[in-house]
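Participant: Mind having a look at this structure? Questions to follow.
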Amino acid sequence: MGKSPYGSNILITGATSGIGLATLNLFAERGWQVWGVSRKGKVEGALPSNVHLYPLDIREEEAVASTIAKIEAEAIALTGEGIGVVLHCAGFGIGGAAEDTPLEAVYAQFETNYFGLLRVNRHLLPLMRQRKASLVITLGSVGGKIALPFQSHYSSTKFAISAYSDALRMEGEPFGLRATVVEAGDTKTPFTAQRQVAIPEGSPYQEQGQRAIEQMGKDEQGGYSPTKVAKTIWRLAQRSNPPPSVAVGLSYKAILFLKRLLPNRLVLFLVRKLYLT
């Protein structure tokens, strides 16, 4: 197994469940030093010596600043170099109509899914730029390329992440900094059970919204294992020039390829048929 161009230290946000946890386990098994952060900052059972977990709420500026500094110092002390790869997995979903979802819930979703990512990068990128090569991997979604009904605000955060990552990739190139988005499709994780639902009783969207959210949950729980996504992330971390984005699984690669070919009107019609009929 060849050495990654980014070293062998990775920081993962949202590291204690779902895709974040699967990636933490995979990289640890393959000999990397893995730092993980999440709100709870712990998992059940003993951890190998090369896994280091910290509690962190990425919505809190001072906590992010101090934790990133602590992790970077620990990485250098243990390995002689800092963090070379960061994987952003922290986030949550809201199911509900665009009209019904309270603004407070929308703000909260952007605060975690988008601004939390920015907050971590603001403190980590100046350190990563000092290296010859570094990599920012963001967990996106097929819903960040194709808007999903009754997931409008979640899709909006993922569209925003994709645009941000593309811009960061262009800006970071002179410093050897790469940025890529992993566009995951339906994946069997706790994300489904943790999705917040914003469909008030008596809403004109109630019947369709509940049907759409139930269908999404079934698709997710019948989807890929998080380990499949983690293996895609591993392969990206071995490439000196990974693509700007990559979809996981042949079916989702085909869906995104067809999106580039078909008129947007037809794409929206097909998505509506999938979830709302």
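Please note that chains go A, B, ... in the order of the structure tokens, that every chain numbers its residues from 1, and that ligands are numbered from 1 in the order shown.
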Do you have, as CSV, the list of residues of range 115-137 of chain A lying at most 10 Å from range 230-243 of chain A, each with its nearest atom pair and that distance in Å to one decimal, counting only C-alpha atoms and ordered by chain then number?
Facilitator:
```
residue,atom,partner,partner_atom,distance
A:Ala133,CA,A:Ser240,CA,8.1
A:Ser134,CA,A:Ser240,CA,9.1
A:Leu135,CA,A:Ala237,CA,7.4
A:Val136,CA,A:Ala237,CA,9.4
A:Ile137,CA,A:Ile233,CA,7.8
```
Participant: Please determine, counting only C-alpha atoms, which residue among A:Tyr107, A:Phe92, A:Tyr224, A:Tyr205 has the shortest atom-to-atom distance to Gly140 in chain A.
Facilitator: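 Closest to Gly140 in chain A of all the choices is A:Phe92.
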Participant: Of the residues A:Asn50, A:Ser165, A:Thr187, A:Gln196, which is the one nearest to Val142 in chain A, using only C-alpha atoms?
Facilitator: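 Looking at the shortest contact to Val142 in chain A, the residue is A:Thr187.
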Participant: Which residue out of A:Lys145, A:Arg211, A:Lys132, A:Arg178 has the minimum interatomic distance to Asn264 in chain A when only C-alpha atoms are used?
Facilitator: A:Lys145
Participant: Would you pick out the contacts of Leu56 in chain A at 7 Å or less, using only C-alpha atoms, so that residues sharing its chain but fewer than 3 positions from it are not included, and give the list as a tab-separated table (two decimals) with N, CA and C atoms, in the first residue's frame?
Facilitator:
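Contents of part26.tsv, freshly written:
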```tsv
chain	number	residue	atom	x	y	z
A	37	VAL	N	-13.83	14.40	15.65
A	37	VAL	CA	-14.59	15.29	16.53
A	37	VAL	C	-16.08	15.10	16.25
A	38	SER	N	-16.86	15.26	17.30
A	38	SER	CA	-18.32	15.26	17.19
A	38	SER	C	-18.84	15.87	18.48
A	39	ARG	N	-20.14	16.13	18.53
A	39	ARG	CA	-20.68	16.74	19.75
A	39	ARG	C	-20.50	15.85	20.97
A	41	GLY	N	-18.28	13.17	21.10
A	41	GLY	CA	-16.85	12.92	21.23
A	41	GLY	C	-16.46	11.57	21.77
A	63	ALA	N	-14.41	27.21	20.60
A	63	ALA	CA	-14.15	25.78	20.79
A	63	ALA	C	-13.46	25.19	19.57
A	64	VAL	N	-13.89	25.61	18.39
A	64	VAL	CA	-13.26	25.13	17.15
A	64	VAL	C	-11.80	25.56	17.12
```
Participant: So that I can check the surroundings of Glu44 in chain A, please list as a PDB file with N, CA and C atoms, in the first residue's frame every protein, DNA and RNA residue that reaches within 12 Å of it, counting only C-alpha atoms and ignoring chain neighbours fewer than 2 positions away.
Facilitator:
```
ATOM      1  N   THR A  16     -18.362  10.102  14.941  1.00  0.00           N
ATOM      2  CA  THR A  16     -18.801   9.043  15.853  1.00  0.00           C
ATOM      3  C   THR A  16     -20.075   8.331  15.397  1.00  0.00           C
ATOM      4  N   SER A  17     -20.488   8.550  14.159  1.00  0.00           N
ATOM      5  CA  SER A  17     -21.636   7.804  13.633  1.00  0.00           C
ATOM      6  C   SER A  17     -21.578   7.791  12.112  1.00  0.00           C
ATOM      7  N   LEU A  21     -17.891   7.616  11.135  1.00  0.00           N
ATOM      8  CA  LEU A  21     -17.370   6.522  11.959  1.00  0.00           C
ATOM      9  C   LEU A  21     -16.784   5.412  11.091  1.00  0.00           C
ATOM     10  N   LYS A  40     -20.667  14.543  20.791  1.00  0.00           N
ATOM     11  CA  LYS A  40     -20.506  13.661  21.964  1.00  0.00           C
ATOM     12  C   LYS A  40     -19.055  13.248  22.169  1.00  0.00           C
ATOM     13  N   GLY A  41     -18.276  13.171  21.101  1.00  0.00           N
ATOM     14  CA  GLY A  41     -16.848  12.924  21.225  1.00  0.00           C
ATOM     15  C   GLY A  41     -16.456  11.572  21.774  1.00  0.00           C
ATOM     16  N   LYS A  42     -17.326  10.565  21.619  1.00  0.00           N
ATOM     17  CA  LYS A  42     -16.985   9.234  22.113  1.00  0.00           C
ATOM     18  C   LYS A  42     -17.795   8.181  21.365  1.00  0.00           C
ATOM     19  N   ALA A  46     -13.539   0.109  23.324  1.00  0.00           N
ATOM     20  CA  ALA A  46     -12.172   0.628  23.376  1.00  0.00           C
ATOM     21  C   ALA A  46     -11.733   1.110  22.000  1.00  0.00           C
ATOM     22  N   LEU A  47     -10.882   2.114  22.000  1.00  0.00           N
ATOM     23  CA  LEU A  47     -10.345   2.668  20.762  1.00  0.00           C
ATOM     24  C   LEU A  47      -8.897   2.234  20.582  1.00  0.00           C
ATOM     25  N   LEU A  53     -10.277  10.978  19.875  1.00  0.00           N
ATOM     26  CA  LEU A  53     -11.583  11.629  19.778  1.00  0.00           C
ATOM     27  C   LEU A  53     -11.669  12.832  20.710  1.00  0.00           C
TER      28      LEU A  53
END
```
Participant: Please produce, as a tab-separated table, a per-residue contact table for range 73-159 of chain A versus range 268-277 of chain A (criterion: any atom at most 10 Å away, only C-alpha atoms considered), showing the nearest atom pair and its distance in Å to one decimal, sorted by chain then residue number.
Facilitator:
```
residue	atom	partner	partner_atom	distance
A:Ile146	CA	A:Leu268	CA	8.2
A:Ala147	CA	A:Leu268	CA	8.1
A:Leu148	CA	A:Val271	CA	7.2
A:Pro149	CA	A:Arg272	CA	7.2
A:Phe150	CA	A:Tyr275	CA	9.3
```
Participant: Restrict the selected residues to C-alpha atoms and save them as a short mmCIF file (atom, residue, chain, number, x, y, z; two decimals), in the first residue's frame.
Facilitator:
```
data_model
loop_
_atom_site.label_atom_id
_atom_site.label_comp_id
_atom_site.auth_asym_id
_atom_site.auth_seq_id
_atom_site.Cartn_x
_atom_site.Cartn_y
_atom_site.Cartn_z
CA ILE A 146 -30.40 17.36 -7.95
CA ALA A 147 -32.85 19.17 -5.66
CA LEU A 148 -35.11 16.83 -3.71
CA PRO A 149 -38.74 17.63 -2.85
CA PHE A 150 -39.35 18.07 0.87
#
```
Participant: Quick one: residues within 9 Å of Lys158 in chain A, only C-alpha atoms counted, chain neighbours fewer than 3 positions away excluded, as a list in words?
Facilitator: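 Contacts, in chain order: Asn113, Tyr114, Leu139, Gly140, Ser141, Val142, Gly143, Gly144, Lys145, His153, Tyr154, Ser155, Ile161, Ser162 and Ala163 of chain A.
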Participant: Could you save those same residues with N, CA and C atoms as a JSON list (two decimals), in the first residue's frame?
Facilitator:
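Below you can see result_22.json, which holds the result:
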```
[["chain", "number", "residue", "atom", "x", "y", "z"],
["A", 113, "ASN", "N", -24.40, 22.35, 8.82],
["A", 113, "ASN", "CA", -24.00, 21.73, 7.56],
["A", 113, "ASN", "C", -23.04, 22.58, 6.75],
["A", 114, "TYR", "N", -23.20, 23.90, 6.80],
["A", 114, "TYR", "CA", -22.37, 24.78, 5.95],
["A", 114, "TYR", "C", -21.42, 25.64, 6.77],
["A", 139, "LEU", "N", -18.27, 15.67, 2.61],
["A", 139, "LEU", "CA", -19.35, 14.74, 2.31],
["A", 139, "LEU", "C", -20.53, 15.53, 1.77],
["A", 140, "GLY", "N", -20.75, 15.40, 0.48],
["A", 140, "GLY", "CA", -21.88, 16.05, -0.16],
["A", 140, "GLY", "C", -23.03, 15.06, -0.31],
["A", 141, "SER", "N", -23.77, 15.21, -1.38],
["A", 141, "SER", "CA", -24.93, 14.36, -1.60],
["A", 141, "SER", "C", -25.37, 14.49, -3.05],
["A", 142, "VAL", "N", -25.95, 13.42, -3.56],
["A", 142, "VAL", "CA", -26.61, 13.55, -4.86],
["A", 142, "VAL", "C", -27.67, 14.64, -4.78],
["A", 143, "GLY", "N", -28.23, 14.85, -3.57],
["A", 143, "GLY", "CA", -29.18, 15.94, -3.33],
["A", 143, "GLY", "C", -28.55, 17.31, -3.39],
["A", 144, "GLY", "N", -27.23, 17.38, -3.56],
["A", 144, "GLY", "CA", -26.54, 18.64, -3.78],
["A", 144, "GLY", "C", -26.30, 18.90, -5.25],
["A", 145, "LYS", "N", -26.75, 17.98, -6.09],
["A", 145, "LYS", "CA", -26.70, 18.14, -7.55],
["A", 145, "LYS", "C", -28.09, 18.15, -8.16],
["A", 153, "HIS", "N", -34.16, 22.50, 1.96],
["A", 153, "HIS", "CA", -33.12, 23.21, 2.71],
["A", 153, "HIS", "C", -31.88, 22.34, 2.89],
["A", 154, "TYR", "N", -32.07, 21.05, 3.06],
["A", 154, "TYR", "CA", -30.92, 20.14, 3.08],
["A", 154, "TYR", "C", -30.20, 20.19, 1.74],
["A", 155, "SER", "N", -30.96, 20.09, 0.65],
["A", 155, "SER", "CA", -30.34, 20.19, -0.67],
["A", 155, "SER", "C", -29.60, 21.51, -0.84],
["A", 161, "ILE", "N", -22.25, 23.67, -0.38],
["A", 161, "ILE", "CA", -20.99, 22.99, -0.12],
["A", 161, "ILE", "C", -20.25, 22.71, -1.42],
["A", 162, "SER", "N", -20.96, 22.27, -2.45],
["A", 162, "SER", "CA", -20.32, 21.96, -3.73],
["A", 162, "SER", "C", -19.69, 23.20, -4.35],
["A", 163, "ALA", "N", -20.42, 24.32, -4.32],
["A", 163, "ALA", "CA", -19.88, 25.56, -4.87],
["A", 163, "ALA", "C", -18.66, 26.02, -4.08]]
```
Participant: Return as a list in words the full set of residues in range 98-196 of chain A whose backbone-based DSSP assignment is strand (DSSP E).
Facilitator: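 Matching residues, listed in order: Ser134, Leu135, Val136, Ile137, Thr138, Leu139, Leu177, Arg178, Ala179, Thr180, Val181, Val182, Glu183 and Gln196 of chain A.
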Participant: Generate a file of the selected residues that holds C-alpha atoms, formatted as an mmCIF file, in the first residue's frame.
Facilitator:
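Heads up, here's the output in out.cif:
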```cif
data_model
loop_
_atom_site.group_PDB
_atom_site.id
_atom_site.type_symbol
_atom_site.label_atom_id
_atom_site.label_comp_id
_atom_site.auth_asym_id
_atom_site.auth_seq_id
_atom_site.Cartn_x
_atom_site.Cartn_y
_atom_site.Cartn_z
ATOM 1 C CA SER A 134 -3.157 18.719 1.616
ATOM 2 C CA LEU A 135 -6.696 17.577 0.920
ATOM 3 C CA VAL A 136 -10.150 18.786 1.971
ATOM 4 C CA ILE A 137 -12.862 16.157 1.469
ATOM 5 C CA THR A 138 -16.471 17.164 2.037
ATOM 6 C CA LEU A 139 -19.352 14.740 2.313
ATOM 7 C CA LEU A 177 -4.329 22.188 -1.501
ATOM 8 C CA ARG A 178 -6.943 19.976 -3.171
ATOM 9 C CA ALA A 179 -10.675 19.965 -2.468
ATOM 10 C CA THR A 180 -13.197 17.335 -3.467
ATOM 11 C CA VAL A 181 -16.811 16.442 -2.697
ATOM 12 C CA VAL A 182 -18.050 12.890 -2.172
ATOM 13 C CA GLU A 183 -21.589 12.766 -3.530
ATOM 14 C CA GLN A 196 -35.976 16.322 11.732
#
```
Participant: Write out as a list in words which residues come within 12 Å of Gly80 in chain A when counting only C-alpha atoms, dropping same-chain ones fewer than 3 positions away.
Facilitator: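 Everything that qualifies: Gly7, Ser8, Asn9, Gln33, Glu72, Ala73, Glu74, Ala75, Ile76, Ala77, Ile83 and Gly84 of chain A.
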Participant: Identify which of the residues A:Ala167, A:Ala65, A:Gly93, A:Leu87 lies closest to Arg122 in chain A, counting only C-alpha atoms when measuring atom-to-atom distances.
Facilitator: A:Ala65
Participant: Under the rule that only C-alpha atoms are counted, which of A:Pro102, A:Asp57, A:Ala254, A:Pro244 is the nearest residue to Glu173 in chain A?
Facilitator: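 The shortest atom-to-atom distance to Glu173 in chain A comes from A:Pro244.
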Participant: Smallest atom-to-atom distance to Gly91 in chain A: which of A:Lys218, A:Arg265, A:Arg59, A:Lys70, using only C-alpha atoms?
Facilitator: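 Under the stated criterion, the closest residue is A:Arg59.
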